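Below: the structure, in structure tokens.
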Amino acid sequence: MLLIYIRRLVNNFIKDLSDFLFDFTDFLESNKFISPINKKQISIDYSSNNKQGDLATNFYLVVKRKIINENFNIEKELNDRIKSIEFIDHFVVSKNGFINFFLKDKFVLRSLKEIYGKNFLNYINYGAGKKINVEFVSANPTGPLHIAHIRGAVFGDVLSSLYTKTGFDVTREYYVNDAGSQIDKLSNSLLKRYLQLFNKKIELEEDEYPGEYLINIAKKIKNEDGDKWLNFQQEETIQYFKNFALKNILLSIKTDLELINIRFDKFTHESEIEKSKIIDELFSILDKKKLLYQGILEKPKGDDSDWEPREQLLFRSSKLLDNEDRALKKSNGEWTYFANDAAYHLDKCKRNFDRLVNIWGSDHIGYIPRMNSLIKAIKDDETYLNILTCQIVSLIQNKQKIKMSKRSGNFVTLSNVHSKVGKDPIRYYMISTKNETAIDFDLDAVVEKNKDNKVFYCQYAHARASSVINKAKELGIKIKNDYNFSTIQNLSDEEVKLIKKLICYPYLLYQSSYYNEPHRLINYLEEISSDFHSIWNKGKDNESLRFIDEKNAEKTISKIFWLESFRVVLKDIFSIIDISSPETM
RNA sequence: GCGCCUGUAGCUCAAUUGGAUAGAGCGUAUGACUACGGAUCAUAAGGUUAGGAGUUCGACUCUUCUCAGGCGCGCCA
């Protein structure tokens, strides 16, 4: 439940109205007209349907059950008192008990002027300059980015922009898992590909990396060094191939991400964490809190065919937020992946962020409790780390799911999809649904017919609006800086309705940021775009409804004014999701 | 077996975090351009929100059970 005290940060209407209702509640309580109520149950919202009013509250519904004195007329008292709020024109109580408030026009227009002037942050400086670290993508550098990574990439990037927009100081970070046995397998695979180029009869093992990209990297080594590595010592060769593979693959990952405008402020390498002393520091922290011990984990309930009891260094996470303890050392004494990742998180904690956000794929969900446990152990703050997950993206082609497997080396890469679709549709679709919903991405629908693409629908609205504004400029119609837009009489009901949606924009920004839900931007974007297209077409049937009326300058200016404001909002959303805002298409 | 996520129109997804008559696009049917840009608009058909029970003024939303799908389940990363 969203509490009023949070909402007040956002919009003066809601703040003032909630203050008023709280005072009124105090009055009712202190005079024993009602028994005490929990004020947190009272909500104020923008109305979903403007016919019902502009702001709505469930005030009566909450108060109704608490009435003690039946003789006191609450509605009449409210009616008398409401006159003290200058922006409220009147209110209506609906059959089911909602109070619907109607705003005075001049206050709606005053808010619109704020939008026109791009004063969003005046309302929504909710981050207040706090430092926030967003770790996302963090794909293993063992191959190119594939479709499953794109969603987390775009989600993390847009969420970061949204945080920035709402007043946070954001660091985008990528954790490079360049240590451990998978990387050894990678370099072995690369070496084998290299040897194959010299017709050596050597095959990849089942669990090695069969993708074609390694053949290309092997060719690169051959081009540079020829057969130099055929005769070198094993250890030196492997080391060289490891570095070469990591360097090339990481570069290709960065290049791919650039295709969709994703850049990071910081890359942290697991190999550096491993070398640093941060792990020792972590262990002493955990040890002091008596959260470390040597022990044997219980036999798992699932597949236990090759289970055998092993004594390992364990983290007592079950004392915190996990349902079992977790290994920090392998039985051979090496650190586990979790140990390194835990140390990395300690490192992040020490960098003085006010908040950490991790974006993980759904296949890591089972990992969340142990990381939360770790942060609790370090910071003793359960809200400090926010782990958000993205469900999978299935690629659809020819109406069938494309099966991808690492083993066969068959997967659709980011650059592959990008070359077919382009940046804007990828970003738009990846962010248009809730991150926790699994989505189907239909390549054919996006590639074949552009007009089925909602991203173009919204961009087209921007282009059309720009077209009108440019036309107006050609006709010498200009809005002065001190323009006083004080009447809605020149506007249709539909236009007023859209204006009222536009003035909610700062609130929407705040909500999307607060709930970590950038997809709300898309819902809103499509809604106002649709409203706009509808208004546009009304002007085709009825000339008096067109934006530009050369015989009526004042009317035209009113319309251009809200149209400019509309364009400001579109452009702002486009900039957050980072797609272009074309003036022509 | 256990944990987490999901189940909404034929398909792909929303639903102001517990609010009012559950909404869009695609697809289907019909209609609208000598224009401020048809990549658009208008109208219609399509729903027991997987199913049962509960919580309350009110449930797609919360609780519980059942069914179905996805992900994960000691040293991989």
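Residues in the structure tokens are named by chain (A, B, ... in the order shown) and by number from 1 within that chain; ligands are numbered from 1 in the order shown.
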
At a cut-off of 8 Å, using only C-alpha atoms (C1' of nucleotides), what residues contact A14 (chain B)? Leave out same-chain residues fewer than 5 positions from it and give the result as a list in words. Asn523 of chain A; G23 and A24 of chain B

Using only C-alpha atoms (C1' of nucleotides), find each residue in chain B having at least one atom no more than 8 Å away from chain A; report its shortest atom-to-atom pair and that distance in Å (one decimal), rows by chain then rising number, as a Markdown table.
| residue | atom | partner | partner_atom | distance |
| --- | --- | --- | --- | --- |
| B:G1 | C1' | A:Lys301 | CA | 6.3 |
| B:C2 | C1' | A:Lys301 | CA | 7.3 |
| B:G3 | C1' | A:Gly366 | CA | 7.4 |
| B:C4 | C1' | A:Ile365 | CA | 6.4 |
| B:C5 | C1' | A:Glu436 | CA | 7.1 |
| B:U6 | C1' | A:Thr437 | CA | 6.7 |
| B:U12 | C1' | A:Asp440 | CA | 7.3 |
| B:C13 | C1' | A:Thr433 | CA | 7.0 |
| B:A14 | C1' | A:Asn523 | CA | 7.0 |
| B:U16 | C1' | A:Ser48 | CA | 7.2 |
| B:U17 | C1' | A:Met1 | CA | 6.1 |
| B:G18 | C1' | A:Met1 | CA | 7.8 |
| B:A20 | C1' | A:Asn96 | CA | 7.4 |
| B:G25 | C1' | A:Lys454 | CA | 7.6 |
| B:C26 | C1' | A:Asp452 | CA | 7.4 |
| B:A35 | C1' | A:Lys540 | CA | 7.2 |
| B:C36 | C1' | A:Val468 | CA | 5.1 |
| B:G37 | C1' | A:Arg464 | CA | 6.3 |
| B:A39 | C1' | A:Lys451 | CA | 5.0 |
| B:U40 | C1' | A:His533 | CA | 6.6 |
| B:C41 | C1' | A:Asn537 | CA | 5.5 |
| B:C57 | C1' | A:Leu61 | CA | 6.3 |
| B:C71 | C1' | A:Asp363 | CA | 5.2 |
| B:G72 | C1' | A:Gly366 | CA | 5.4 |
| B:C73 | C1' | A:Gly302 | CA | 6.8 |
| B:G74 | C1' | A:Leu297 | CA | 6.0 |
| B:C75 | C1' | A:Lys330 | CA | 4.2 |
| B:C76 | C1' | A:Gln182 | CA | 7.3 |
| B:A77 | C1' | A:Gln182 | CA | 6.7 |

Give me every helix (DSSP H, G or I) residue in region 178-414 of chain A, going by DSSP on the backbone, as a PyMOL selection string. chain A and resi 181-196+212-225+228-230+234-259+270-275+278-288+317-319+337-350+362-379+414

If we count only C-alpha atoms (C1' of nucleotides) and set the cut-off at 12 Å, which residues sit around U66 (chain B), ignoring sequence neighbours fewer than 5 positions away in its own chain? Please answer as an MDAnalysis selection string. chainID B and resid 50:53

Apply DSSP to the backbone of this structure and, from region 142-323 of chain A, keep only the residues in strand (DSSP E or B); write these as a PyMOL selection string. chain A and resi 146+169-176+266-269+292-296+311-315

Serialized selection, N, CA, C and O atoms, as a short mmCIF file (atom, residue, chain, number, x, y, z; two decimals), in the first residue's frame:
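selection30.cif, written as the output of this step:
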data_model
loop_
_atom_site.label_atom_id
_atom_site.label_comp_id
_atom_site.auth_asym_id
_atom_site.auth_seq_id
_atom_site.Cartn_x
_atom_site.Cartn_y
_atom_site.Cartn_z
N HIS A 146 23.75 -13.19 -25.52
CA HIS A 146 22.61 -13.69 -26.27
C HIS A 146 21.34 -13.07 -25.74
O HIS A 146 21.35 -12.22 -24.85
N ASP A 169 22.18 9.59 -7.57
CA ASP A 169 23.49 9.61 -8.20
C ASP A 169 23.85 8.15 -8.50
O ASP A 169 24.13 7.37 -7.60
N VAL A 170 23.79 7.77 -9.77
CA VAL A 170 23.82 6.36 -10.15
C VAL A 170 25.17 5.93 -10.71
O VAL A 170 25.76 6.64 -11.51
N THR A 171 25.62 4.76 -10.29
CA THR A 171 26.78 4.11 -10.90
C THR A 171 26.33 2.81 -11.55
O THR A 171 25.73 1.96 -10.91
N ARG A 172 26.61 2.69 -12.84
CA ARG A 172 26.28 1.45 -13.55
C ARG A 172 27.51 0.54 -13.49
O ARG A 172 28.59 0.96 -13.89
N GLU A 173 27.32 -0.68 -13.02
CA GLU A 173 28.49 -1.55 -12.82
C GLU A 173 28.28 -2.95 -13.40
O GLU A 173 27.19 -3.49 -13.37
N TYR A 174 29.40 -3.49 -13.91
CA TYR A 174 29.39 -4.83 -14.51
C TYR A 174 30.43 -5.65 -13.75
O TYR A 174 31.58 -5.24 -13.62
N TYR A 175 30.02 -6.82 -13.24
CA TYR A 175 30.94 -7.70 -12.54
C TYR A 175 31.40 -8.78 -13.52
O TYR A 175 30.58 -9.56 -14.02
N VAL A 176 32.70 -8.79 -13.78
CA VAL A 176 33.23 -9.72 -14.79
C VAL A 176 33.72 -10.98 -14.10
O VAL A 176 34.70 -10.95 -13.36
N LYS A 266 31.68 1.33 -14.49
CA LYS A 266 32.73 0.57 -13.84
C LYS A 266 32.62 -0.92 -14.15
O LYS A 266 31.52 -1.48 -14.13
N PHE A 267 33.76 -1.51 -14.46
CA PHE A 267 33.85 -2.96 -14.57
C PHE A 267 34.70 -3.46 -13.40
O PHE A 267 35.83 -3.00 -13.23
N THR A 268 34.14 -4.37 -12.63
CA THR A 268 34.94 -4.96 -11.57
C THR A 268 35.22 -6.42 -11.94
O THR A 268 34.30 -7.16 -12.31
N HIS A 269 36.50 -6.80 -11.87
CA HIS A 269 36.88 -8.15 -12.28
C HIS A 269 37.01 -9.08 -11.08
O HIS A 269 37.64 -8.73 -10.08
N LEU A 292 31.00 -18.38 10.70
CA LEU A 292 31.79 -19.31 9.91
C LEU A 292 32.01 -20.60 10.69
O LEU A 292 32.18 -20.57 11.90
N TYR A 293 32.05 -21.72 9.98
CA TYR A 293 32.42 -22.98 10.65
C TYR A 293 32.79 -24.02 9.60
O TYR A 293 32.42 -23.92 8.44
N GLN A 294 33.55 -25.01 10.04
CA GLN A 294 33.85 -26.16 9.19
C GLN A 294 32.75 -27.18 9.39
O GLN A 294 32.41 -27.51 10.52
N GLY A 295 32.16 -27.62 8.30
CA GLY A 295 31.08 -28.58 8.49
C GLY A 295 30.75 -29.34 7.22
O GLY A 295 31.36 -29.14 6.17
N ILE A 296 29.76 -30.20 7.36
CA ILE A 296 29.32 -31.02 6.22
C ILE A 296 27.85 -30.69 5.95
O ILE A 296 27.02 -30.75 6.87
N GLU A 311 33.70 -32.15 3.97
CA GLU A 311 33.84 -31.09 4.95
C GLU A 311 34.35 -29.84 4.27
O GLU A 311 35.30 -29.88 3.50
N GLN A 312 33.65 -28.71 4.52
CA GLN A 312 34.00 -27.45 3.86
C GLN A 312 33.85 -26.30 4.83
O GLN A 312 33.21 -26.43 5.87
N LEU A 313 34.40 -25.15 4.45
CA LEU A 313 34.15 -23.93 5.20
C LEU A 313 32.77 -23.41 4.82
O LEU A 313 32.49 -23.19 3.64
N LEU A 314 31.93 -23.21 5.82
CA LEU A 314 30.54 -22.85 5.54
C LEU A 314 30.16 -21.51 6.16
O LEU A 314 30.75 -21.08 7.16
N PHE A 315 29.20 -20.88 5.53
CA PHE A 315 28.62 -19.61 6.00
C PHE A 315 27.28 -19.94 6.64
O PHE A 315 26.42 -20.58 6.02
#

Please list as a list in words every residue within 12 Å of U63 (chain B), counting only C-alpha atoms (C1' of nucleotides) and excluding residues in the same chain fewer than 3 positions away. A53, G54, U55 and A59 of chain B

Save out the residues we just selected, N, CA, C and O atoms (P, O5', C5', C4', C3', O3' and C1' of nucleotides), as a PDB file, in the first residue's frame.
ATOM      1  P     A B  53     -16.187 -21.616  -3.926  1.00  0.00           P
ATOM      2  O5'   A B  53     -15.326 -21.597  -2.576  1.00  0.00           O
ATOM      3  C5'   A B  53     -15.656 -22.466  -1.511  1.00  0.00           C
ATOM      4  C4'   A B  53     -14.660 -22.342  -0.394  1.00  0.00           C
ATOM      5  C3'   A B  53     -14.603 -20.995   0.313  1.00  0.00           C
ATOM      6  O3'   A B  53     -15.641 -20.790   1.244  1.00  0.00           O
ATOM      7  C1'   A B  53     -12.406 -21.727  -0.147  1.00  0.00           C
ATOM      8  P     G B  54     -16.136 -19.264   1.510  1.00  0.00           P
ATOM      9  O5'   G B  54     -14.898 -18.583   2.241  1.00  0.00           O
ATOM     10  C5'   G B  54     -14.548 -18.965   3.557  1.00  0.00           C
ATOM     11  C4'   G B  54     -13.227 -18.373   3.966  1.00  0.00           C
ATOM     12  C3'   G B  54     -13.208 -16.867   4.224  1.00  0.00           C
ATOM     13  O3'   G B  54     -13.750 -16.530   5.477  1.00  0.00           O
ATOM     14  C1'   G B  54     -11.299 -17.483   2.977  1.00  0.00           C
ATOM     15  P     U B  55     -14.460 -15.104   5.693  1.00  0.00           P
ATOM     16  O5'   U B  55     -13.236 -14.091   5.714  1.00  0.00           O
ATOM     17  C5'   U B  55     -12.217 -14.209   6.698  1.00  0.00           C
ATOM     18  C4'   U B  55     -11.174 -13.146   6.496  1.00  0.00           C
ATOM     19  C3'   U B  55     -11.706 -11.739   6.291  1.00  0.00           C
ATOM     20  O3'   U B  55     -12.029 -11.122   7.525  1.00  0.00           O
ATOM     21  C1'   U B  55     -10.052 -12.193   4.672  1.00  0.00           C
ATOM     22  P     A B  59     -14.415  -8.089  -3.667  1.00  0.00           P
ATOM     23  O5'   A B  59     -12.951  -7.527  -3.971  1.00  0.00           O
ATOM     24  C5'   A B  59     -12.650  -6.960  -5.251  1.00  0.00           C
ATOM     25  C4'   A B  59     -11.434  -7.639  -5.835  1.00  0.00           C
ATOM     26  C3'   A B  59     -11.643  -9.103  -6.213  1.00  0.00           C
ATOM     27  O3'   A B  59     -10.806  -9.409  -7.320  1.00  0.00           O
ATOM     28  C1'   A B  59      -9.962  -8.976  -4.586  1.00  0.00           C
TER      29        A B  59
END

Restricting the calculation to only C-alpha atoms, which member of A:Glu236, A:Asn435, A:Thr413, A:Lys247 is positioned closest to Glu517 (chain A)? A:Asn435

Could you tell me how far CA of Trp229 (chain A) lies from CA of Pro141 (chain A), in Å and to one decimal?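 These atoms are spaced 22.8 Å apart.
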
Give me, as a list in words, all polymer residues having an atom no more than 8 Å from Leu191 (chain A), counting only C-alpha atoms (C1' of nucleotides) and skipping those fewer than 6 positions away in the same chain.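 Listing them by chain and then by number gives Ala218, Ile238 and Phe241 of chain A.
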
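Residues in contact with U8 (chain B) at up to 9 Å, not including ones fewer than 5 positions away on its chain and judged by only C-alpha atoms (C1' of nucleotides), are B:A22, B:G47, B:U49, B:C60.
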
Shell around region 554-569 of chain A at 10 Å using only C-alpha atoms (C1' of nucleotides), local window under 4 positions removed, as a PyMOL selection string: chain A and resi 109+112-118+120+461-466+468-469+472-473+477-480+483-492+495-496+498-499+501-503+505-506+525+528-529+532+545-550+573-575+581

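Here CA of Leu414 (chain A) stands at a distance of 8.7 Å from CA of Leu259 (chain A).
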